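Shown next: my_file.cif, containing mmCIF, C-alpha atoms.
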```cif
data_my_file
#
loop_
_atom_site.label_atom_id
_atom_site.label_comp_id
_atom_site.auth_asym_id
_atom_site.auth_seq_id
_atom_site.Cartn_x
_atom_site.Cartn_y
_atom_site.Cartn_z
CA MET A 28 15.11 20.74 24.63
CA GLY A 29 15.95 17.04 24.30
CA PRO A 30 17.48 15.11 21.43
CA GLU A 31 14.10 13.67 20.44
CA THR A 32 12.73 17.18 19.92
CA ASN A 33 15.73 18.07 17.77
CA ASP A 34 15.21 14.95 15.67
CA ARG A 35 11.60 15.95 15.13
CA LYS A 36 12.63 19.40 13.98
CA GLU A 37 15.21 17.95 11.61
CA GLY A 38 12.64 15.53 10.19
CA ALA A 39 10.08 18.28 9.76
CA GLU A 40 12.58 20.61 8.03
CA LYS A 41 13.97 18.13 5.54
CA VAL A 42 11.66 19.33 2.77
CA PRO A 43 10.89 23.08 2.61
CA PRO A 44 7.15 23.91 2.72
CA LYS A 45 7.31 25.60 -0.70
CA LYS A 46 8.74 22.47 -2.30
CA LYS A 47 6.06 20.32 -0.65
CA LEU A 48 3.36 22.66 -1.94
CA LEU A 49 4.89 22.63 -5.42
CA GLY A 50 5.07 18.84 -5.42
CA THR A 51 1.42 18.60 -4.34
CA CYS A 52 0.32 21.04 -7.03
CA LEU A 53 2.20 19.09 -9.70
CA ARG A 54 0.53 15.84 -8.60
CA VAL A 55 -2.90 17.52 -8.69
CA ILE A 56 -2.23 18.86 -12.18
CA LEU A 57 -1.03 15.45 -13.40
CA SER A 58 -4.11 13.75 -11.94
CA ILE A 59 -6.41 16.22 -13.69
CA PHE A 60 -4.51 15.88 -16.97
CA LEU A 61 -4.61 12.08 -16.94
CA LEU A 62 -8.35 12.12 -16.19
CA TRP A 63 -8.92 14.66 -18.96
CA LEU A 64 -7.20 12.34 -21.46
CA LEU A 65 -9.93 9.76 -20.81
CA LEU A 66 -12.93 11.98 -20.10
CA ARG A 67 -12.57 13.79 -23.44
CA LYS A 68 -13.24 10.46 -25.19
CA ILE A 69 -16.66 9.93 -23.58
CA SER A 70 -19.77 11.81 -22.56
CA ILE A 71 -20.87 12.29 -18.97
CA ASN A 72 -24.10 10.47 -19.83
CA GLU A 73 -22.13 7.28 -20.38
CA LEU A 74 -20.72 7.46 -16.85
CA VAL A 75 -24.10 8.29 -15.36
CA GLU A 76 -25.58 5.28 -17.14
CA PHE A 77 -22.99 2.97 -15.60
CA PHE A 78 -23.73 4.19 -12.08
CA LEU A 79 -27.50 3.98 -12.62
CA ARG A 80 -27.08 0.30 -13.40
CA THR A 81 -26.03 -0.34 -9.82
CA ALA A 82 -29.57 0.47 -8.65
CA ASP A 83 -30.63 -2.93 -10.00
CA ASN A 84 -27.69 -4.67 -8.31
CA LEU A 85 -27.66 -3.23 -4.79
CA PRO A 86 -27.04 -6.62 -3.05
CA ILE A 87 -23.99 -7.17 -5.26
CA LEU A 88 -22.82 -3.63 -4.54
CA PHE A 89 -23.17 -4.26 -0.80
CA VAL A 90 -21.00 -7.38 -1.06
CA ALA A 91 -18.34 -5.34 -2.86
CA LEU A 92 -18.50 -2.76 -0.07
CA ILE A 93 -17.76 -5.47 2.54
CA MET A 94 -14.63 -6.70 0.74
CA PRO A 95 -12.33 -3.87 1.94
CA GLY A 96 -13.25 -4.81 5.52
CA LEU A 97 -11.98 -8.33 4.87
CA GLY A 98 -8.88 -6.72 3.41
CA VAL A 99 -8.30 -4.74 6.60
CA LEU A 100 -8.53 -7.93 8.67
CA THR A 101 -6.08 -9.74 6.38
CA SER A 102 -3.64 -6.81 6.41
CA SER A 103 -3.82 -6.72 10.21
CA LEU A 104 -3.02 -10.43 10.43
CA ARG A 105 -0.03 -9.91 8.12
CA LEU A 106 1.33 -7.08 10.24
CA LYS A 107 0.76 -9.18 13.37
CA CYS A 108 3.00 -11.91 11.89
CA LEU A 109 5.76 -9.39 11.20
CA LEU A 110 5.45 -7.94 14.70
CA LYS A 111 5.60 -11.43 16.23
CA ALA A 112 8.95 -11.92 14.51
CA GLN A 113 10.15 -8.86 16.48
CA SER A 114 8.72 -10.20 19.77
CA ILE A 115 5.81 -7.74 19.72
CA ASP A 116 2.31 -8.92 20.56
CA VAL A 117 -0.40 -6.44 19.60
CA PRO A 118 -4.12 -7.40 19.68
CA ILE A 119 -5.56 -7.87 16.21
CA ILE A 120 -8.37 -5.41 16.95
CA ASP A 121 -5.82 -2.65 17.60
CA LEU A 122 -4.02 -3.40 14.35
CA ALA A 123 -7.33 -3.33 12.47
CA LYS A 124 -8.10 0.10 13.96
CA LEU A 125 -4.61 1.22 12.99
CA HIS A 126 -5.11 0.13 9.38
CA LEU A 127 -8.41 2.01 9.19
CA ILE A 128 -6.80 5.15 10.62
CA GLY A 129 -4.02 4.73 8.07
CA ALA A 130 -6.65 4.54 5.31
CA PHE A 131 -8.14 7.79 6.64
CA TYR A 132 -4.81 9.59 6.40
CA ASN A 133 -4.20 8.14 2.93
CA GLN A 134 -7.41 9.83 1.81
CA ILE A 135 -6.83 13.24 3.39
CA LEU A 136 -3.12 13.52 2.52
CA PRO A 137 -1.85 14.05 -1.05
CA SER A 138 0.25 10.86 -1.02
CA THR A 139 -0.01 7.08 -0.74
CA ILE A 140 2.32 6.74 2.25
CA GLY A 141 0.51 8.85 4.84
CA GLY A 142 -1.07 5.75 6.37
CA ASP A 143 2.33 4.06 6.63
CA ILE A 144 3.72 7.08 8.45
CA VAL A 145 0.87 6.96 10.97
CA ARG A 146 1.25 3.21 11.51
CA SER A 147 5.00 3.63 12.06
CA TYR A 148 4.43 6.44 14.55
CA TRP A 149 1.87 4.39 16.51
CA LEU A 150 4.05 1.27 16.61
CA SER A 151 6.97 3.29 17.94
CA ARG A 152 4.85 4.42 20.88
CA ILE A 153 3.36 1.20 22.12
CA GLN A 154 3.81 0.52 25.82
CA ASN A 155 7.02 -1.47 25.41
CA PRO A 156 9.51 0.89 23.72
CA ASN A 157 11.99 -1.95 23.13
CA LEU A 158 10.52 -3.30 19.89
CA ASN A 159 12.82 -6.30 19.84
CA ASN A 160 13.60 -7.74 23.25
CA LYS A 161 16.23 -10.02 21.71
CA ASN A 162 18.28 -7.19 20.24
CA LYS A 163 19.38 -4.47 22.62
CA LYS A 164 20.93 -2.44 19.77
CA GLN A 165 17.46 -1.39 18.75
CA GLU A 166 16.74 0.33 22.05
CA GLY A 167 16.54 4.09 21.69
CA ALA A 168 15.42 3.88 18.05
CA PRO A 169 11.84 2.59 18.19
CA LEU A 170 10.61 4.95 15.46
CA LEU A 171 13.20 3.80 12.92
CA THR A 172 12.54 0.19 13.88
CA ALA A 173 8.80 0.69 13.34
CA VAL A 174 9.42 2.35 9.97
CA THR A 175 11.50 -0.65 8.92
CA ILE A 176 8.79 -3.11 9.99
CA ILE A 177 6.17 -1.19 8.01
CA GLY A 178 8.59 -1.10 5.07
CA VAL A 179 8.94 -4.88 5.17
CA ASP A 180 5.15 -5.12 5.35
CA ARG A 181 4.89 -3.02 2.19
CA ILE A 182 7.52 -5.06 0.32
CA ILE A 183 5.91 -8.39 1.20
CA GLY A 184 2.57 -6.96 0.15
CA ALA A 185 3.98 -5.92 -3.23
CA ILE A 186 5.57 -9.34 -3.77
CA GLY A 187 2.25 -10.99 -2.93
CA ILE A 188 0.50 -8.81 -5.51
CA VAL A 189 2.95 -9.81 -8.22
CA VAL A 190 2.90 -13.52 -7.39
CA THR A 191 -0.91 -13.54 -7.45
CA GLY A 192 -0.93 -11.94 -10.89
CA VAL A 193 1.73 -14.32 -12.24
CA ILE A 194 -0.16 -17.37 -10.96
CA ALA A 195 -3.36 -16.08 -12.59
CA ALA A 196 -1.54 -15.49 -15.89
CA LEU A 197 -0.04 -19.00 -15.83
CA LEU A 198 -3.41 -20.59 -15.06
CA ASN A 199 -5.07 -18.74 -17.94
CA PRO A 200 -2.47 -17.89 -20.62
CA GLY A 201 -5.25 -16.88 -23.01
CA ILE A 202 -5.59 -13.62 -21.07
CA THR A 203 -2.06 -12.48 -21.94
CA ARG A 204 -2.52 -13.56 -25.56
CA VAL A 205 -5.60 -11.34 -25.83
CA SER A 206 -3.77 -8.48 -24.08
CA PRO A 207 -0.01 -8.81 -24.83
CA HIS A 208 0.82 -5.66 -22.84
CA LEU A 209 -0.42 -7.40 -19.69
CA GLY A 210 2.07 -10.20 -20.20
CA ARG A 211 5.01 -7.88 -20.86
CA VAL A 212 4.32 -5.64 -17.87
CA MET A 213 3.76 -8.67 -15.63
CA LEU A 214 7.08 -10.20 -16.75
CA VAL A 215 9.06 -7.08 -15.85
CA ILE A 216 7.33 -6.68 -12.48
CA ALA A 217 7.77 -10.39 -11.70
CA ALA A 218 11.53 -10.16 -12.35
CA LEU A 219 11.86 -7.21 -9.95
CA ALA A 220 9.77 -9.01 -7.32
CA PHE A 221 11.91 -12.14 -7.64
CA ILE A 222 15.10 -10.16 -7.04
CA THR A 223 13.53 -8.49 -3.99
CA ALA A 224 12.33 -11.83 -2.61
CA LEU A 225 15.91 -13.15 -2.66
CA LEU A 226 17.17 -10.49 -0.23
CA PRO A 227 16.25 -12.41 2.99
CA PHE A 228 18.38 -15.34 1.79
CA LEU A 229 21.57 -13.32 1.29
CA PRO A 230 24.39 -14.02 3.77
CA ALA A 231 23.79 -11.52 6.54
CA ARG A 232 27.46 -10.57 7.04
CA ASN A 233 28.19 -10.06 3.33
CA PHE A 234 24.97 -8.13 2.87
CA GLY A 235 25.86 -5.92 5.83
CA LYS A 236 29.32 -5.18 4.43
CA TRP A 237 27.78 -4.25 1.10
CA ILE A 238 25.19 -1.98 2.74
CA PHE A 239 27.80 -0.11 4.78
CA SER A 240 30.07 0.24 1.74
CA ILE A 241 27.54 2.69 0.29
CA PRO A 242 28.84 6.16 1.31
CA ILE A 243 25.49 7.73 2.16
CA ILE A 244 24.51 4.77 4.37
CA ASN A 245 27.91 4.66 6.04
CA ARG A 246 27.47 8.32 7.05
CA LEU A 247 24.21 7.30 8.71
CA ARG A 248 25.77 4.20 10.23
CA ASN A 249 23.85 4.23 13.52
CA LYS A 250 20.50 4.37 11.75
CA ALA A 251 21.62 1.81 9.20
CA VAL A 252 22.57 -0.58 12.01
CA VAL A 253 19.03 -0.41 13.41
CA ILE A 254 17.52 -1.18 10.00
CA TYR A 255 20.04 -3.94 9.34
CA ASN A 256 19.35 -5.62 12.69
CA VAL A 257 15.60 -5.62 12.06
CA LEU A 258 16.10 -7.18 8.63
CA LYS A 259 18.55 -9.70 10.06
CA SER A 260 15.98 -10.82 12.64
CA TYR A 261 13.53 -11.48 9.80
CA LYS A 262 16.15 -13.63 8.12
CA GLU A 263 16.06 -15.79 11.23
CA ALA A 264 12.23 -15.88 11.27
CA LYS A 265 11.38 -17.14 7.80
CA GLY A 266 8.25 -18.86 9.11
CA TYR A 267 6.70 -15.51 9.97
CA LEU A 268 7.78 -14.10 6.61
CA PHE A 269 6.16 -17.01 4.79
CA ALA A 270 2.93 -16.57 6.76
CA ALA A 271 2.94 -12.85 5.92
CA PHE A 272 3.53 -13.68 2.27
CA MET A 273 0.58 -16.10 2.15
CA LEU A 274 -1.62 -13.47 3.76
CA SER A 275 -0.51 -11.04 1.04
CA ILE A 276 -1.78 -13.48 -1.58
CA CYS A 277 -5.06 -13.76 0.34
CA LEU A 278 -5.31 -9.96 0.46
CA GLN A 279 -4.77 -9.61 -3.27
CA SER A 280 -7.35 -12.34 -3.90
CA ILE A 281 -9.86 -10.25 -1.93
CA ILE A 282 -9.02 -7.20 -4.07
CA ILE A 283 -9.48 -9.24 -7.26
CA LEU A 284 -12.88 -10.40 -6.03
CA GLN A 285 -13.84 -6.82 -5.24
CA TYR A 286 -12.95 -5.73 -8.79
CA TRP A 287 -15.01 -8.56 -10.25
CA ILE A 288 -18.03 -8.05 -7.97
CA LEU A 289 -18.03 -4.30 -8.66
CA ALA A 290 -17.80 -5.02 -12.38
CA MET A 291 -20.88 -7.22 -12.08
CA ALA A 292 -22.74 -4.45 -10.25
CA LEU A 293 -21.79 -2.02 -13.04
CA GLN A 294 -22.65 -4.67 -15.67
CA ILE A 295 -19.10 -4.69 -17.05
CA ASP A 296 -18.40 -7.91 -18.91
CA VAL A 297 -14.86 -8.88 -17.82
CA SER A 298 -14.12 -12.34 -16.44
CA LEU A 299 -12.79 -13.11 -12.96
CA MET A 300 -9.54 -14.46 -14.44
CA GLY A 301 -9.21 -11.27 -16.48
CA PHE A 302 -9.30 -9.20 -13.30
CA ALA A 303 -6.95 -11.70 -11.60
CA VAL A 304 -4.26 -10.68 -14.10
CA LEU A 305 -5.30 -7.04 -14.55
CA SER A 306 -5.94 -5.81 -11.00
CA PRO A 307 -2.51 -6.69 -9.51
CA ILE A 308 -0.80 -4.57 -12.16
CA VAL A 309 -3.27 -1.71 -11.68
CA THR A 310 -2.74 -1.90 -7.90
CA LEU A 311 1.03 -1.64 -8.25
CA VAL A 312 0.87 1.15 -10.84
CA SER A 313 -1.51 3.12 -8.62
CA MET A 314 1.11 3.10 -5.86
CA ILE A 315 3.46 5.27 -7.93
CA PRO A 316 3.46 8.59 -6.01
CA ILE A 317 3.17 10.97 -8.95
CA THR A 318 -0.56 11.74 -8.66
CA ILE A 319 -3.03 12.27 -5.83
CA ASN A 320 -3.76 8.84 -4.35
CA GLY A 321 -3.33 7.16 -7.74
CA ILE A 322 -6.17 9.16 -9.33
CA GLY A 323 -5.63 9.35 -13.07
CA ILE A 324 -3.08 6.55 -13.17
CA ARG A 325 -5.62 3.95 -12.02
CA GLU A 326 -8.18 4.92 -14.66
CA ASN A 327 -5.65 5.00 -17.51
CA ALA A 328 -4.07 1.69 -16.48
CA LEU A 329 -7.47 0.00 -16.32
CA HIS A 330 -8.34 1.24 -19.80
CA ALA A 331 -4.96 0.67 -21.47
CA LEU A 332 -4.49 -2.86 -20.14
CA GLY A 333 -8.15 -3.85 -19.82
CA ASN A 334 -9.45 -2.62 -23.17
CA PRO A 335 -8.54 -5.88 -24.99
CA LEU A 336 -10.48 -7.74 -22.27
CA GLY A 337 -13.63 -5.70 -22.92
CA LEU A 338 -13.16 -2.78 -20.52
CA THR A 339 -14.26 0.43 -22.27
CA VAL A 340 -13.11 3.94 -21.38
CA SER A 341 -16.34 4.74 -19.54
CA GLY A 342 -16.27 1.33 -17.85
CA ALA A 343 -12.69 1.84 -16.66
CA ILE A 344 -13.51 5.26 -15.20
CA ALA A 345 -16.73 4.02 -13.55
CA LEU A 346 -14.93 1.03 -12.02
CA ALA A 347 -12.01 3.14 -10.76
CA TRP A 348 -14.33 5.73 -9.20
CA ALA A 349 -16.50 3.06 -7.58
CA LEU A 350 -13.37 1.57 -6.00
CA LEU A 351 -12.26 5.02 -4.86
CA PHE A 352 -15.68 5.67 -3.31
CA MET A 353 -15.55 2.44 -1.31
CA GLN A 354 -12.05 3.29 -0.09
CA PHE A 355 -13.43 6.66 1.01
CA VAL A 356 -16.29 5.01 2.94
CA TRP A 357 -13.88 2.81 4.90
CA SER A 358 -11.53 5.74 5.46
CA LEU A 359 -14.42 7.56 7.15
CA VAL A 360 -14.61 4.67 9.61
CA GLY A 361 -10.91 5.23 10.26
CA GLY A 362 -11.56 8.95 10.79
CA ILE A 363 -14.17 8.16 13.43
CA ILE A 364 -11.76 5.80 15.19
CA GLN A 365 -9.07 8.47 15.02
CA ILE A 366 -11.32 10.93 16.85
CA ARG A 367 -12.19 8.34 19.50
CA PHE A 368 -8.51 7.49 20.03
CA LYS A 369 -7.85 11.15 20.83
CA ASN A 370 -4.22 10.69 19.78
CA ASP A 371 -2.40 13.33 17.74
CA TYR A 372 -1.34 11.16 14.80
CA SER A 373 -0.82 14.32 12.76
CA ARG A 374 2.47 14.75 14.64
CA ALA A 375 3.73 11.73 12.73
CA ILE A 376 3.37 13.66 9.48
CA LEU A 377 5.52 16.49 10.84
CA ILE A 378 8.19 14.03 11.98
CA LEU A 379 8.41 11.76 8.96
CA ASP A 380 6.83 13.41 5.94
#
```

Go ahead and express the file in the form of C-alpha cells.
Amino acid sequence: MGPETNDRKEGAEKVPPKKKLLGTCLRVILSIFLLWLLLRKISINELVEFFLRTADNLPILFVALIMPGLGVLTSSLRLKCLLKAQSIDVPIIDLAKLHLIGAFYNQILPSTIGGDIVRSYWLSRIQNPNLNNKNKKQEGAPLLTAVTIIGVDRIIGAIGIVVTGVIAALLNPGITRVSPHLGRVMLVIAALAFITALLPFLPARNFGKWIFSIPIINRLRNKAVVIYNVLKSYKEAKGYLFAAFMLSICLQSIIILQYWILAMALQIDVSLMGFAVLSPIVTLVSMIPITINGIGIRENALHALGNPLGLTVSGAIALAWALLFMQFVWSLVGGIIQIRFKNDYSRAILILD
C-alpha cells in the first residue's frame, strides 16, 4: 500500500461519519427554519401567482436561463488565466465541462464546496503531473497545488463580487440611502476584500516567514511550502491575476443581469442598479456554509436587504427559487457530462471532504 493510498485514508478519516451526518442534519434544520420564518408571513397562493406570471414572459425567462451558461464560460476563462500563470494549458472546453460537473456536485452534496473539490481532483490528474514546470518543489504534490489554484480562483471571484457591488453603490448612491443596511454591509465586506487584495503585494520573504511562524503551519511545513510556492508564482504573474480579476467582474455582471431579467419575468419591480448593489451581497452571504447550498440564507438576505427597494417576502422567495431552479437545470447538464466522462469524481469527496 503506497503513500498516496495512506494519504487518501487520512483525508477520508479526518471527520468521523457521525459528525458529518450531524453537521448535515443541522444545516438541513437551519435551512428549513430560515424558510419557515419567511413562508409563515405569506400564503402559498402568493408564490403560485408569481410563478404563473412567467407564462406571459417565456422569452424573458429563456434569456435568464441562458445567463448561467455565459457564467460558466466566463468562469472557465478565469480559471484558464490562473492555470496559465502556473504553466498549465487546458482547453477552454474542458474547463467548461469541469465547471458544469462542479455545479452538479454542488447540487447533490450538502455543501457549497463540493464542486471545488471535484475541480481540484481533476486538475491534479491532468496528463502532466508537474503543475508548475518552473518550480520543481511542487512535484509530488499536484493535489495540494490544484487545491491552492482553486482557492485563489475562489478568492479572486469573491473580490470581484465585492468590487462590482461597490462600483454600483458609488454610481448610484441613492440605493444605499433607500436601504442603509446595504451600505453598511457593503462597507464591511469591501474592507475585508481590500485587505485580501493586498496579499499578493506583500514581500514574499517576509510573508513566508510570517506564515511559517504560525505553529500549526510550521508542523505542516512541507505542505505549506507547496502552497507558498504557488502563491509566490502568482505574485510574479500579476498580469494573469488582473485578467482573472476583470473576468470576475464580468461574471458578477452576468449574475446581476440574470437577477434583473428574472425579476422582469416574475414582474418584480426592482431596478437594474438596485440588483447591482443587492445581488453581490446576497451571493457572498449565500456562500456561508451553514445551510444546504445557501437555501434559507438567500431568501432571507434578499428580503431583508431588498425590501426597501420594493422586494416583498413572496417576491424574494420566488426570485430565490427561480434562481435555484436554473442552477439545477445547468447542474443536470454537468451530471450528463459526468456520466459521459466515466471518471470517478466521487473519489475526490472521500479524499478531500

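Distances from A:Val193, A:Ile317, A:Leu338, A:Leu351 to Gly50 of chain A were compared using all atoms listed in the file, and the smallest one belongs to A:Ile317.
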
- Item | Residues in the PyMOL selection byres ((chain A and resi 217) around 9), expressed as a ChimeraX atom specification | /A:186,189-190,192-193,212-216,218-222

- Give as a ChimeraX atom specification the residues that the PyMOL selection byres ((chain A and resi 357) around 12) matches when applied to the coordinates above. /A:92-99,123-124,126-134,350-356,358-364

Answer key for the PyMOL selection byres ((chain A and resi 290-303) around 6), residues as a PDB file with C-alpha atoms, in the frame of the given file:
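File produced: out_18.pdb:
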```
ATOM      1  CA  PHE A  77     -22.990   2.970 -15.600  1.00  0.00           C
ATOM      2  CA  ARG A  80     -27.080   0.300 -13.400  1.00  0.00           C
ATOM      3  CA  THR A  81     -26.030  -0.340  -9.820  1.00  0.00           C
ATOM      4  CA  ASN A  84     -27.690  -4.670  -8.310  1.00  0.00           C
ATOM      5  CA  ILE A  87     -23.990  -7.170  -5.260  1.00  0.00           C
ATOM      6  CA  LEU A  88     -22.820  -3.630  -4.540  1.00  0.00           C
ATOM      7  CA  ALA A 195      -3.360 -16.080 -12.590  1.00  0.00           C
ATOM      8  CA  ILE A 283      -9.480  -9.240  -7.260  1.00  0.00           C
ATOM      9  CA  TRP A 287     -15.010  -8.560 -10.250  1.00  0.00           C
ATOM     10  CA  ILE A 288     -18.030  -8.050  -7.970  1.00  0.00           C
ATOM     11  CA  LEU A 289     -18.030  -4.300  -8.660  1.00  0.00           C
ATOM     12  CA  VAL A 304      -4.260 -10.680 -14.100  1.00  0.00           C
ATOM     13  CA  LEU A 305      -5.300  -7.040 -14.550  1.00  0.00           C
ATOM     14  CA  SER A 306      -5.940  -5.810 -11.000  1.00  0.00           C
TER      15      SER A 306
END
```

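Here atom CA of Asp180 of chain A and atom CA of Arg105 of chain A stand 7.6 Å from one another.
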
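Across the model, the gap from atom CA of Leu311 of chain A to atom CA of Cys277 of chain A is 16.1 Å.
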
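In this model, the gap between atom CA of Leu125 of chain A and atom CA of Ser260 of chain A comes to 23.9 Å.
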
Name all residues at most 12 Å from Gly178 of chain A (count only C-alpha atoms; drop same-chain ones fewer than 6 positions away) and give them as a PDB file with C-alpha atoms, in the frame of the given file.
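selection.pdb, written as the output of this step:
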```pdb
ATOM      1  CA  LEU A 106       1.330  -7.080  10.240  1.00  0.00           C
ATOM      2  CA  LEU A 109       5.760  -9.390  11.200  1.00  0.00           C
ATOM      3  CA  ILE A 140       2.320   6.740   2.250  1.00  0.00           C
ATOM      4  CA  GLY A 142      -1.070   5.750   6.370  1.00  0.00           C
ATOM      5  CA  ASP A 143       2.330   4.060   6.630  1.00  0.00           C
ATOM      6  CA  ILE A 144       3.720   7.080   8.450  1.00  0.00           C
ATOM      7  CA  ARG A 146       1.250   3.210  11.510  1.00  0.00           C
ATOM      8  CA  SER A 147       5.000   3.630  12.060  1.00  0.00           C
ATOM      9  CA  LEU A 171      13.200   3.800  12.920  1.00  0.00           C
ATOM     10  CA  THR A 172      12.540   0.190  13.880  1.00  0.00           C
ATOM     11  CA  GLY A 184       2.570  -6.960   0.150  1.00  0.00           C
ATOM     12  CA  ALA A 185       3.980  -5.920  -3.230  1.00  0.00           C
ATOM     13  CA  ILE A 254      17.520  -1.180  10.000  1.00  0.00           C
ATOM     14  CA  VAL A 257      15.600  -5.620  12.060  1.00  0.00           C
ATOM     15  CA  LEU A 258      16.100  -7.180   8.630  1.00  0.00           C
TER      16      LEU A 258
END
```

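Counting only C-alpha atoms, the residue from A:Gln113, A:Asn199, A:Thr101, A:Ser341 that sits nearest to Pro169 of chain A is A:Gln113.
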
- Task: Have a look at A:Leu74, A:Leu53, A:Ala82, A:Leu66 and name the one nearest to Thr318 of chain A; count only C-alpha atoms.
- Result: A:Leu53

Centre and size of axis-aligned box enclosing segment 102-109 of chain A plus 3 Å each side, as AutoDock Vina command-line options:
```
--center_x 1.0 --center_y -9.3 --center_z 9.9 --size_x 15.6 --size_y 11.2 --size_z 13.0
```

- Query: Between A:Val90, A:Val117, A:Val179, A:Leu100, which is the closest to Leu150 of chain A once you count all atoms listed in the file?
  - Reply: A:Val117
